Amino acid sequence: MPENKTQPTSVSVDDFIASVPEERRRAEAVVLLELMERVSGEPATMWGPTMVGFGEYHYRYASGREGDSFVIGFSPRKVALSLYGLWNAYAPEEHPLLASLGPHTTAVACLYVKKLEAINLPVLEEMTRIAVERHRAEHGSLRPTSG
């Protein structure tokens with residue numbers, strides 16, 4: 001079975017954010033870094049070359065595919081900020097806060113925001129808190145247990 005290409009790295013999150021070419025995206029990344037670190041209680045870790053993740057869990061699908069991923073995270077991409085772990089297209093009824101978030105688009109597991117300043121940050125923080133609490137309720141921790 002192929003290995004998940006997105007793995008945690010030893011790259012400094014601060015160095016990555018400092019290397020983001022667009023000033024606005026760098027500033028938005030700093031805001032998201034602080035928000036997600038504070039809400040999750042977990043330090044930021046780089047996953048692959050462009051994703052900043054918080055917490056970690058092991059998943060296993062019915063197909064047998066399994067791997068590790070971060071619980072919540074973001075990537076300051078050129079076109080939009082990609083937010084991970086806050087949205088699940090398979091259960092859209094679980095996200096009543098999306099209507100009051102502000103301008104965004106969604107995909108299967110991503111929430112895309114073009115401008116953080118257009119978003120209701122308290123709503124984003126609440127969505128982050130809900131995602132972290134849901135994960136803890138299902139898995140007991142934001143870190144995998146050994147054994």
# chains A, B, ... in the order shown; residues from 1 in each chain; ligands from 1

call {"tool": "residues_around", "arguments": {"residues": "Ser100 (chain A)", "least_positions_apart": "6", "cutoff": "12 Å", "atoms": "only C-alpha atoms", "output": "NGL selection string"}}
result
:A and (118-124 or 126-127)

call {"tool": "select_by_dssp", "arguments": {"residues": "region 18-144 of chain A", "states": "strand (DSSP E or B)", "output": "PyMOL selection string"}}
result
chain A and resi 44-47+51-54+57-60+66-69+72-76+81-84+105-106+110-113

call {"tool": "atom_distance", "arguments": {"atom1": "CA of Val11 (chain A)", "atom2": "CA of Glu138 (chain A)"}}
result
29.5 Å

call {"tool": "closest_atom_pairs", "arguments": {"of": "region 106-145 of chain A", "to": "region 31-55 of chain A", "cutoff": "12 Å", "atoms": "only C-alpha atoms", "output": "Markdown table"}}
result
| residue | atom | partner | partner_atom | distance |
| --- | --- | --- | --- | --- |
| A:Val113 | CA | A:Leu32 | CA | 11.8 |
| A:Leu116 | CA | A:Val31 | CA | 8.9 |
| A:Glu117 | CA | A:Val31 | CA | 10.4 |
| A:Ile119 | CA | A:Leu32 | CA | 11.9 |
| A:Leu121 | CA | A:Leu35 | CA | 9.2 |
| A:Pro122 | CA | A:Leu35 | CA | 10.0 |
| A:Val123 | CA | A:Leu35 | CA | 11.7 |
| A:Leu124 | CA | A:Leu35 | CA | 9.1 |
| A:Glu125 | CA | A:Leu35 | CA | 6.9 |
| A:Glu126 | CA | A:Val39 | CA | 8.9 |
| A:Met127 | CA | A:Val39 | CA | 10.1 |
| A:Thr128 | CA | A:Val39 | CA | 7.0 |
| A:Arg129 | CA | A:Val39 | CA | 6.0 |
| A:Ile130 | CA | A:Val39 | CA | 9.7 |
| A:Ala131 | CA | A:Ser40 | CA | 9.2 |
| A:Val132 | CA | A:Ser40 | CA | 6.2 |
| A:Glu133 | CA | A:Ser40 | CA | 8.8 |
| A:Arg134 | CA | A:Ser40 | CA | 11.6 |
| A:His135 | CA | A:Gly55 | CA | 9.9 |
| A:Arg136 | CA | A:Ser40 | CA | 10.1 |
| A:His139 | CA | A:Gly55 | CA | 11.6 |
| A:Gly140 | CA | A:Gly55 | CA | 11.8 |
| A:Ser141 | CA | A:Gly55 | CA | 8.4 |
| A:Leu142 | CA | A:Gly55 | CA | 4.7 |
| A:Arg143 | CA | A:Gly55 | CA | 5.6 |
| A:Pro144 | CA | A:Gly55 | CA | 8.6 |
| A:Thr145 | CA | A:Gly55 | CA | 12.0 |

call {"tool": "atom_distance", "arguments": {"atom1": "CA of Asp15 (chain A)", "atom2": "CA of Trp87 (chain A)"}}
result
27.5 Å

call {"tool": "atom_distance", "arguments": {"atom1": "CA of Tyr57 (chain A)", "atom2": "CA of Ala107 (chain A)"}}
result
21.1 Å

call {"tool": "select_by_dssp", "arguments": {"residues": "region 43-138 of chain A", "states": "helix (DSSP H, G or I)", "output": "VMD selection string"}}
result
chain A and resid 92 to 94 96 to 100 116 to 118 121 to 138

call {"tool": "write_last_selection", "arguments": {"atoms": "N, CA, C and O atoms", "output": "compact mmCIF listing (two decimals), in the first residue's frame"}}
result
# COMPACT_ATOMS: atom_id res chain seq x y z
N PRO A 92 -22.30 17.84 6.45
CA PRO A 92 -22.42 19.30 6.45
C PRO A 92 -23.38 19.84 7.50
O PRO A 92 -23.22 20.96 7.95
N GLU A 93 -24.32 19.03 7.94
CA GLU A 93 -25.26 19.48 8.98
C GLU A 93 -24.57 19.72 10.32
O GLU A 93 -25.11 20.39 11.19
N GLU A 94 -23.37 19.21 10.48
CA GLU A 94 -22.62 19.40 11.72
C GLU A 94 -21.91 20.76 11.76
O GLU A 94 -21.25 21.06 12.74
N PRO A 96 -23.15 24.23 11.51
CA PRO A 96 -24.08 25.36 11.41
C PRO A 96 -23.39 26.72 11.44
O PRO A 96 -23.98 27.72 11.03
N LEU A 97 -22.14 26.77 11.89
CA LEU A 97 -21.43 28.04 11.98
C LEU A 97 -20.93 28.54 10.62
O LEU A 97 -20.58 29.71 10.49
N LEU A 98 -20.91 27.67 9.61
CA LEU A 98 -20.41 28.10 8.30
C LEU A 98 -21.18 29.30 7.77
O LEU A 98 -20.60 30.18 7.14
N ALA A 99 -22.48 29.35 8.02
CA ALA A 99 -23.31 30.44 7.50
C ALA A 99 -22.89 31.80 8.06
O ALA A 99 -23.09 32.82 7.41
N SER A 100 -22.30 31.82 9.25
CA SER A 100 -21.90 33.09 9.85
C SER A 100 -20.39 33.32 9.81
O SER A 100 -19.89 34.27 10.40
N LEU A 116 -8.52 36.60 5.23
CA LEU A 116 -8.83 36.37 6.64
C LEU A 116 -9.57 37.56 7.24
O LEU A 116 -10.43 37.39 8.10
N GLU A 117 -9.27 38.77 6.77
CA GLU A 117 -9.93 39.96 7.30
C GLU A 117 -11.43 39.97 7.02
O GLU A 117 -12.18 40.66 7.69
N ALA A 118 -11.89 39.20 6.04
CA ALA A 118 -13.31 39.14 5.71
C ALA A 118 -14.06 38.09 6.54
O ALA A 118 -15.27 37.98 6.46
N LEU A 121 -13.60 36.09 12.87
CA LEU A 121 -12.60 35.30 13.61
C LEU A 121 -13.16 34.59 14.84
O LEU A 121 -12.76 33.45 15.10
N PRO A 122 -14.08 35.19 15.61
CA PRO A 122 -14.66 34.43 16.72
C PRO A 122 -15.40 33.16 16.25
O PRO A 122 -15.35 32.14 16.91
N VAL A 123 -16.03 33.23 15.08
CA VAL A 123 -16.69 32.04 14.53
C VAL A 123 -15.65 31.02 14.11
O VAL A 123 -15.79 29.82 14.40
N LEU A 124 -14.57 31.45 13.47
CA LEU A 124 -13.49 30.53 13.09
C LEU A 124 -12.89 29.89 14.34
O LEU A 124 -12.62 28.68 14.36
N GLU A 125 -12.70 30.67 15.39
CA GLU A 125 -12.17 30.12 16.63
C GLU A 125 -13.12 29.07 17.22
O GLU A 125 -12.69 28.02 17.67
N GLU A 126 -14.42 29.35 17.19
CA GLU A 126 -15.39 28.39 17.70
C GLU A 126 -15.41 27.11 16.86
O GLU A 126 -15.48 26.00 17.39
N MET A 127 -15.31 27.25 15.55
CA MET A 127 -15.25 26.07 14.68
C MET A 127 -14.00 25.24 15.00
O MET A 127 -14.06 24.00 15.02
N THR A 128 -12.90 25.91 15.27
CA THR A 128 -11.65 25.23 15.62
C THR A 128 -11.81 24.49 16.95
O THR A 128 -11.43 23.33 17.07
N ARG A 129 -12.42 25.17 17.92
CA ARG A 129 -12.64 24.55 19.23
C ARG A 129 -13.53 23.31 19.10
O ARG A 129 -13.25 22.26 19.67
N ILE A 130 -14.60 23.42 18.32
CA ILE A 130 -15.51 22.28 18.11
C ILE A 130 -14.76 21.11 17.46
O ILE A 130 -14.92 19.96 17.86
N ALA A 131 -13.94 21.40 16.45
CA ALA A 131 -13.18 20.35 15.77
C ALA A 131 -12.24 19.64 16.74
O ALA A 131 -12.15 18.40 16.74
N VAL A 132 -11.56 20.41 17.58
CA VAL A 132 -10.63 19.82 18.56
C VAL A 132 -11.40 19.01 19.59
O VAL A 132 -11.02 17.87 19.91
N GLU A 133 -12.50 19.54 20.09
CA GLU A 133 -13.30 18.80 21.08
C GLU A 133 -13.88 17.52 20.49
O GLU A 133 -13.92 16.48 21.16
N ARG A 134 -14.35 17.58 19.26
CA ARG A 134 -14.89 16.38 18.61
C ARG A 134 -13.81 15.31 18.47
O ARG A 134 -14.04 14.14 18.74
N HIS A 135 -12.62 15.74 18.07
CA HIS A 135 -11.52 14.79 17.93
C HIS A 135 -11.18 14.16 19.29
O HIS A 135 -10.99 12.96 19.38
N ARG A 136 -11.11 14.99 20.32
CA ARG A 136 -10.81 14.46 21.66
C ARG A 136 -11.90 13.50 22.13
O ARG A 136 -11.60 12.50 22.78
N ALA A 137 -13.15 13.80 21.84
CA ALA A 137 -14.25 12.91 22.25
C ALA A 137 -14.15 11.56 21.54
O ALA A 137 -14.44 10.52 22.13
N GLU A 138 -13.72 11.57 20.29
CA GLU A 138 -13.62 10.33 19.52
C GLU A 138 -12.34 9.56 19.79
O GLU A 138 -12.32 8.34 19.75

call {"tool": "decode", "arguments": {"residues": "region 69-88 of chain A", "atoms": "N, CA and C atoms", "output": "mmCIF file, in the first residue's frame"}}
result
data_model
loop_
_atom_site.group_PDB
_atom_site.id
_atom_site.type_symbol
_atom_site.label_atom_id
_atom_site.label_comp_id
_atom_site.auth_asym_id
_atom_site.auth_seq_id
_atom_site.Cartn_x
_atom_site.Cartn_y
_atom_site.Cartn_z
ATOM 1 N N SER A 69 -1.989 11.783 10.297
ATOM 2 C CA SER A 69 -2.271 13.122 9.815
ATOM 3 C C SER A 69 -2.384 14.068 11.001
ATOM 4 N N PHE A 70 -2.444 15.351 10.718
ATOM 5 C CA PHE A 70 -2.664 16.329 11.773
ATOM 6 C C PHE A 70 -4.169 16.463 12.002
ATOM 7 N N VAL A 71 -4.545 16.947 13.181
ATOM 8 C CA VAL A 71 -5.954 17.078 13.544
ATOM 9 C C VAL A 71 -6.562 18.316 12.890
ATOM 10 N N ILE A 72 -5.929 19.461 13.065
ATOM 11 C CA ILE A 72 -6.342 20.699 12.409
ATOM 12 C C ILE A 72 -5.099 21.354 11.834
ATOM 13 N N GLY A 73 -5.289 22.225 10.863
ATOM 14 C CA GLY A 73 -4.134 22.895 10.297
ATOM 15 C C GLY A 73 -4.514 23.880 9.220
ATOM 16 N N PHE A 74 -3.474 24.450 8.608
ATOM 17 C CA PHE A 74 -3.696 25.420 7.538
ATOM 18 C C PHE A 74 -2.505 25.453 6.600
ATOM 19 N N SER A 75 -2.742 26.048 5.446
ATOM 20 C CA SER A 75 -1.671 26.314 4.498
ATOM 21 C C SER A 75 -1.948 27.668 3.859
ATOM 22 N N PRO A 76 -0.979 28.583 3.926
ATOM 23 C CA PRO A 76 -1.165 29.903 3.331
ATOM 24 C C PRO A 76 -0.848 29.881 1.835
ATOM 25 N N ARG A 77 -1.759 29.368 1.058
ATOM 26 C CA ARG A 77 -1.539 29.241 -0.384
ATOM 27 C C ARG A 77 -1.808 30.580 -1.088
ATOM 28 N N LYS A 78 -1.294 30.716 -2.286
ATOM 29 C CA LYS A 78 -1.393 31.981 -3.012
ATOM 30 C C LYS A 78 -2.841 32.405 -3.255
ATOM 31 N N VAL A 79 -3.669 31.503 -3.728
ATOM 32 C CA VAL A 79 -5.049 31.838 -4.088
ATOM 33 C C VAL A 79 -5.946 31.968 -2.866
ATOM 34 N N ALA A 80 -5.731 31.125 -1.870
ATOM 35 C CA ALA A 80 -6.584 31.140 -0.677
ATOM 36 C C ALA A 80 -5.864 30.452 0.474
ATOM 37 N N LEU A 81 -6.318 30.765 1.678
ATOM 38 C CA LEU A 81 -5.872 30.011 2.855
ATOM 39 C C LEU A 81 -6.635 28.702 2.856
ATOM 40 N N SER A 82 -5.935 27.608 2.993
ATOM 41 C CA SER A 82 -6.581 26.300 3.114
ATOM 42 C C SER A 82 -6.615 25.954 4.593
ATOM 43 N N LEU A 83 -7.813 25.662 5.105
ATOM 44 C CA LEU A 83 -7.989 25.302 6.514
ATOM 45 C C LEU A 83 -8.430 23.849 6.564
ATOM 46 N N TYR A 84 -7.746 23.062 7.367
ATOM 47 C CA TYR A 84 -7.975 21.619 7.418
ATOM 48 C C TYR A 84 -8.549 21.195 8.765
ATOM 49 N N GLY A 85 -9.425 20.196 8.724
ATOM 50 C CA GLY A 85 -9.957 19.604 9.943
ATOM 51 C C GLY A 85 -11.184 20.311 10.507
ATOM 52 N N LEU A 86 -11.619 21.392 9.892
ATOM 53 C CA LEU A 86 -12.760 22.151 10.400
ATOM 54 C C LEU A 86 -14.040 21.848 9.636
ATOM 55 N N TRP A 87 -13.934 21.126 8.550
ATOM 56 C CA TRP A 87 -15.062 20.900 7.649
ATOM 57 C C TRP A 87 -15.027 19.463 7.149
ATOM 58 N N ASN A 88 -16.188 18.862 7.056
ATOM 59 C CA ASN A 88 -16.317 17.512 6.514
ATOM 60 C C ASN A 88 -17.545 17.496 5.622
#
